[in-house]
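Report on the following structure.
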Amino acid sequence: MNTETIRDRKSVRTYEERQIPGHVMQQIRDFLNQDDNPFGVPIPFFILDAKKDGLSSPVILGANTYVAGKYKKQKNAEVAFGYSFEKFVLYATTLGLGTVWLAATIDRKAFEKAIHLEEGEVMPAVTPLGYAAKKRSVRENLMRKGMKSDMRLPFDSLFYSGDFQHSLKESDAGIWKTPLTMVRLAPSATNKQPWRAVTEGEKVHFYEVKTKGYDSKSTGDIQKVDLGIALCHFEIGAKEAGLNGRFLQADPEIPTAEDTEYIATYELEKSL
Ligand SMILES: Cc1cc2nc3c(=O)[nH]c(=O)nc-3n(C[C@H](O)[C@H](O)[C@H](O)COP(=O)(O)O)c2cc1C
């Protein structure tokens, strides 16, 4: 999976009634068994059968397979979930399979029962898995229009240099241009794009700009999940740009607006 996979991925809500071949499902299982994240939070995944498990979503047509994941409540759990689940979404994209992150528009009770969700655990989101139909449903087209799913906020209103007073123009982004472009292409809940980044020399600091109502008991803080997705995309872009770095958490205490929370920093490895 690479920057092309990121560019190829689009949410899919209308599926062909076509079975996924056994050998492809085996590749999916193998991937899910080794999927990890930089925060070391275990994320168990479940492959579910819509008919057998009685699962449905009002926005999905034609899918019979779903993948769900969960975490035990702990530090960094939402960000870790976003990172791991998005890696799987991108892997599925390389296999020609369609997906869509679903946190709100699902029969949540049925999904939580199917994965035996326990006290202290959260299942932020699930995705159908299958082959995209040639034509999107009317409902899906309306949803995409309503959320402006094909648009993203301008580069220089998402990314900054040194502090939040100085916008970063794409043409000035230097080595960070590809990784930040990949962040900008990330999916997010209702396309709110809550990710912000501030570059500072060999570091990039990531922040969450919170929208009211996106942190609930059933989904956890879903915009932290969006941040995990952003970190996954950033890392893929960085690797492809030949950068070698890692994520760490050390708040640089850059002044932020209200409702903005520091999440993590990407730092280039010092060459010896
Ligand atoms: C964490 C998360 C939760 C989402 N929840 C839903 C949902 O409940 N229902 C839905 O139809 N789409 C959901 N989406 C999909 C977004 O609407 C979609 O990613 C966004 O509009 C951008 O479109 P794109 O994925 O095609 O780039 C969710 C996306 C994310 C990342």
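A note on labels: chains of the structure tokens are A, B, ... as shown, every chain counts residues from 1, and ligands are counted from 1 in their shown order.
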Can you list, as an MDAnalysis selection string, every protein, DNA or RNA residue that comes within 8 Å of Ile254 in chain A when you count only C-alpha atoms, leaving out same-chain residues fewer than 2 positions away?
chainID A and resid 163:164 251:252 256
Test item: residues no farther than 6 Å from ligand 1, counting only C-alpha atoms and all ligand atoms, as a list in words
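Selection of residues at most 6 Å from ligand 1: Lys10, Ser11, Val59, Val100, Trp101, Leu102, Ala103, Ala104, Thr105, Met147, Ser149, Pro187, Ser188, Ala189, Thr190, Asn191, Ile222, Val225 and Asp226 of chain A.
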Looking only at alpha helix (DSSP H) from DSSP on the backbone, list the matching residues of range 37-113 of chain A as a tab-separated table (two decimals) with C-alpha atoms, in the first residue's frame.
```tsv
chain	number	residue	atom	x	y	z
A	50	ALA	CA	-24.48	-9.85	7.74
A	51	LYS	CA	-27.10	-12.56	7.26
A	52	LYS	CA	-25.91	-14.93	9.99
A	53	ASP	CA	-25.20	-12.17	12.50
A	77	ALA	CA	-6.91	3.74	22.25
A	78	GLU	CA	-8.94	5.81	19.76
A	79	VAL	CA	-5.89	7.02	17.84
A	80	ALA	CA	-4.49	3.47	17.78
A	81	PHE	CA	-7.81	2.16	16.47
A	82	GLY	CA	-7.90	4.75	13.68
A	83	TYR	CA	-4.35	3.91	12.62
A	84	SER	CA	-4.84	0.12	12.60
A	85	PHE	CA	-8.29	0.12	11.00
A	86	GLU	CA	-7.21	2.52	8.23
A	87	LYS	CA	-4.19	0.32	7.47
A	88	PHE	CA	-6.65	-2.51	6.94
A	89	VAL	CA	-8.94	-0.30	4.81
A	90	LEU	CA	-5.99	0.59	2.57
A	91	TYR	CA	-4.90	-3.05	2.38
A	92	ALA	CA	-8.44	-4.00	1.28
A	93	THR	CA	-8.19	-1.26	-1.38
A	94	THR	CA	-5.05	-2.91	-2.81
A	108	ARG	CA	-24.94	-0.69	16.60
A	109	LYS	CA	-26.58	-3.10	19.06
A	110	ALA	CA	-26.45	-5.98	16.59
A	111	PHE	CA	-22.77	-5.34	15.76
A	112	GLU	CA	-21.76	-5.03	19.41
A	113	LYS	CA	-23.54	-8.30	20.18
```
From the list A:Ala186, A:Ala132, A:Leu55, A:Ala264, which residue is nearest Val198 in chain A when using only C-alpha atoms?
A:Ala264
Which neighbours of Thr219 in chain A fall inside 7 Å, counting only C-alpha atoms, when residues of the same chain fewer than 4 positions from it are skipped, and could you give them as a PyMOL selection string?
chain A and resi 103+122-124
Go ahead and write the residues just picked, all heavy atoms, as a PDB file, in the first residue's frame.
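Saved to selection-v6.pdb:
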```pdb
ATOM      1  N   ALA A 103     -19.556   4.643  11.674  1.00  0.00           N
ATOM      2  CA  ALA A 103     -19.606   4.768  13.133  1.00  0.00           C
ATOM      3  C   ALA A 103     -21.037   5.022  13.593  1.00  0.00           C
ATOM      4  O   ALA A 103     -21.459   4.535  14.643  1.00  0.00           O
ATOM      5  CB  ALA A 103     -18.714   5.917  13.588  1.00  0.00           C
ATOM      6  N   VAL A 122     -14.868  -0.595  23.625  1.00  0.00           N
ATOM      7  CA  VAL A 122     -15.559   0.272  22.672  1.00  0.00           C
ATOM      8  C   VAL A 122     -15.325  -0.259  21.253  1.00  0.00           C
ATOM      9  O   VAL A 122     -14.207  -0.644  20.907  1.00  0.00           O
ATOM     10  CB  VAL A 122     -15.034   1.734  22.769  1.00  0.00           C
ATOM     11  CG1 VAL A 122     -15.707   2.623  21.723  1.00  0.00           C
ATOM     12  CG2 VAL A 122     -15.260   2.310  24.167  1.00  0.00           C
ATOM     13  N   MET A 123     -16.410  -0.264  20.474  1.00  0.00           N
ATOM     14  CA  MET A 123     -16.310  -0.582  19.044  1.00  0.00           C
ATOM     15  C   MET A 123     -16.615   0.728  18.306  1.00  0.00           C
ATOM     16  O   MET A 123     -17.764   1.083  18.114  1.00  0.00           O
ATOM     17  CB  MET A 123     -17.365  -1.635  18.667  1.00  0.00           C
ATOM     18  CG  MET A 123     -17.359  -2.009  17.192  1.00  0.00           C
ATOM     19  SD  MET A 123     -18.882  -2.851  16.656  1.00  0.00           S
ATOM     20  CE  MET A 123     -20.004  -1.449  16.550  1.00  0.00           C
ATOM     21  N   PRO A 124     -15.565   1.481  17.919  1.00  0.00           N
ATOM     22  CA  PRO A 124     -15.822   2.800  17.323  1.00  0.00           C
ATOM     23  C   PRO A 124     -16.527   2.719  15.975  1.00  0.00           C
ATOM     24  O   PRO A 124     -17.400   3.513  15.684  1.00  0.00           O
ATOM     25  CB  PRO A 124     -14.425   3.405  17.154  1.00  0.00           C
ATOM     26  CG  PRO A 124     -13.525   2.592  18.010  1.00  0.00           C
ATOM     27  CD  PRO A 124     -14.128   1.217  18.063  1.00  0.00           C
TER      28      PRO A 124
END
```
What does the structure give for the distance between CA of Met25 in chain A and CA of Val183 in chain A, in Å to one decimal?
28.4 Å
Shell of 9 Å around Ser167 in chain A, only C-alpha atoms, local chain residues under 2 positions omitted, as a list in words:
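What passes the distance filter is Phe155, Asp156, Ser157, Leu158, Phe159, Tyr160, Ser161, Asp163, Phe164, Gln165, Lys169 and Val198 of chain A.
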Just the selected residues (N, CA, C and O atoms), exported as a short mmCIF file (atom, residue, chain, number, x, y, z; two decimals), in the first residue's frame, please.
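out-v8.cif, written as the output of this step:
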```
data_model
loop_
_atom_site.label_atom_id
_atom_site.label_comp_id
_atom_site.auth_asym_id
_atom_site.auth_seq_id
_atom_site.Cartn_x
_atom_site.Cartn_y
_atom_site.Cartn_z
N PHE A 155 -5.02 23.23 1.82
CA PHE A 155 -3.77 22.80 2.48
C PHE A 155 -3.38 23.79 3.59
O PHE A 155 -3.10 23.39 4.73
N ASP A 156 -3.41 25.08 3.24
CA ASP A 156 -2.89 26.07 4.21
C ASP A 156 -3.90 26.45 5.30
O ASP A 156 -3.61 27.33 6.11
N SER A 157 -5.06 25.80 5.32
CA SER A 157 -5.89 26.01 6.51
C SER A 157 -5.85 24.78 7.42
O SER A 157 -6.37 24.78 8.52
N LEU A 158 -5.19 23.72 6.95
CA LEU A 158 -5.02 22.52 7.78
C LEU A 158 -3.62 22.47 8.41
O LEU A 158 -3.44 21.92 9.49
N PHE A 159 -2.64 23.04 7.70
CA PHE A 159 -1.25 22.86 8.11
C PHE A 159 -0.54 24.19 8.35
O PHE A 159 -0.82 25.18 7.67
N TYR A 160 0.38 24.18 9.34
CA TYR A 160 1.02 25.42 9.81
C TYR A 160 2.52 25.21 9.98
O TYR A 160 3.00 24.08 10.05
N SER A 161 3.22 26.32 10.09
CA SER A 161 4.66 26.27 10.26
C SER A 161 5.04 26.99 11.56
O SER A 161 4.74 28.19 11.71
N ASP A 163 3.95 27.68 14.40
CA ASP A 163 2.84 27.85 15.35
C ASP A 163 1.55 28.02 14.54
O ASP A 163 1.58 28.01 13.31
N PHE A 164 0.45 28.19 15.26
CA PHE A 164 -0.83 28.27 14.55
C PHE A 164 -1.07 29.64 13.93
O PHE A 164 -2.11 29.87 13.32
N GLN A 165 -0.13 30.57 14.08
CA GLN A 165 -0.27 31.89 13.45
C GLN A 165 0.20 31.88 12.00
O GLN A 165 -0.13 32.78 11.23
N LYS A 169 1.98 27.00 3.20
CA LYS A 169 1.55 26.84 1.80
C LYS A 169 2.11 25.52 1.27
O LYS A 169 3.23 25.14 1.62
N VAL A 198 1.44 21.07 12.67
CA VAL A 198 2.38 22.21 12.73
C VAL A 198 3.78 21.64 12.50
O VAL A 198 4.24 20.77 13.26
#
```
For each of A:Arg184, A:Lys270, A:His205, A:Arg246, take the minimum atom-to-atom distance to Ile229 in chain A, counting only C-alpha atoms, then give the residue where this is smallest.
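Counting only C-alpha atoms, the residue closest to Ile229 in chain A is A:Arg184.
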Two-atom distance - CA of Ser218 in chain A, CA of His116 in chain A (Å)
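Here the two named atoms are 14.2 Å from each other.
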For the atom pair CA of Glu16 in chain A and CA of Tyr66 in chain A, what is the interatomic distance in Å to one decimal place?
14.1 Å
Run DSSP on the backbone of this structure and report the residues of range 80-254 of chain A it assigns to strand (DSSP E or B), as a ChimeraX atom specification.
/A:98-99,102,121-122,126-130,132,159-161,167,195-200,203-209,215-216,220-221,245-248
All residues 8 Å or closer to Pro194 in chain A, only C-alpha atoms, same chain fewer than 2 positions away omitted, as a PyMOL selection string
chain A and resi 188+192+196+208-211+223+226-227
Find the spatial neighbours of Pro44 in chain A, counting only C-alpha atoms, within a cut-off of 9 Å - ignore same-chain residues fewer than 2 positions away - and output them as number ranges by chain.
A: 32-33, 42, 46, 68-71
Rank A:Val41, A:Leu48, A:Leu243, A:Ala63 by their smallest atom-to-atom distance to Lys203 in chain A, using only C-alpha atoms, and report the top residue only.
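Among A:Val41, A:Leu48, A:Leu243, A:Ala63, it is A:Leu243 that comes nearest to Lys203 in chain A.
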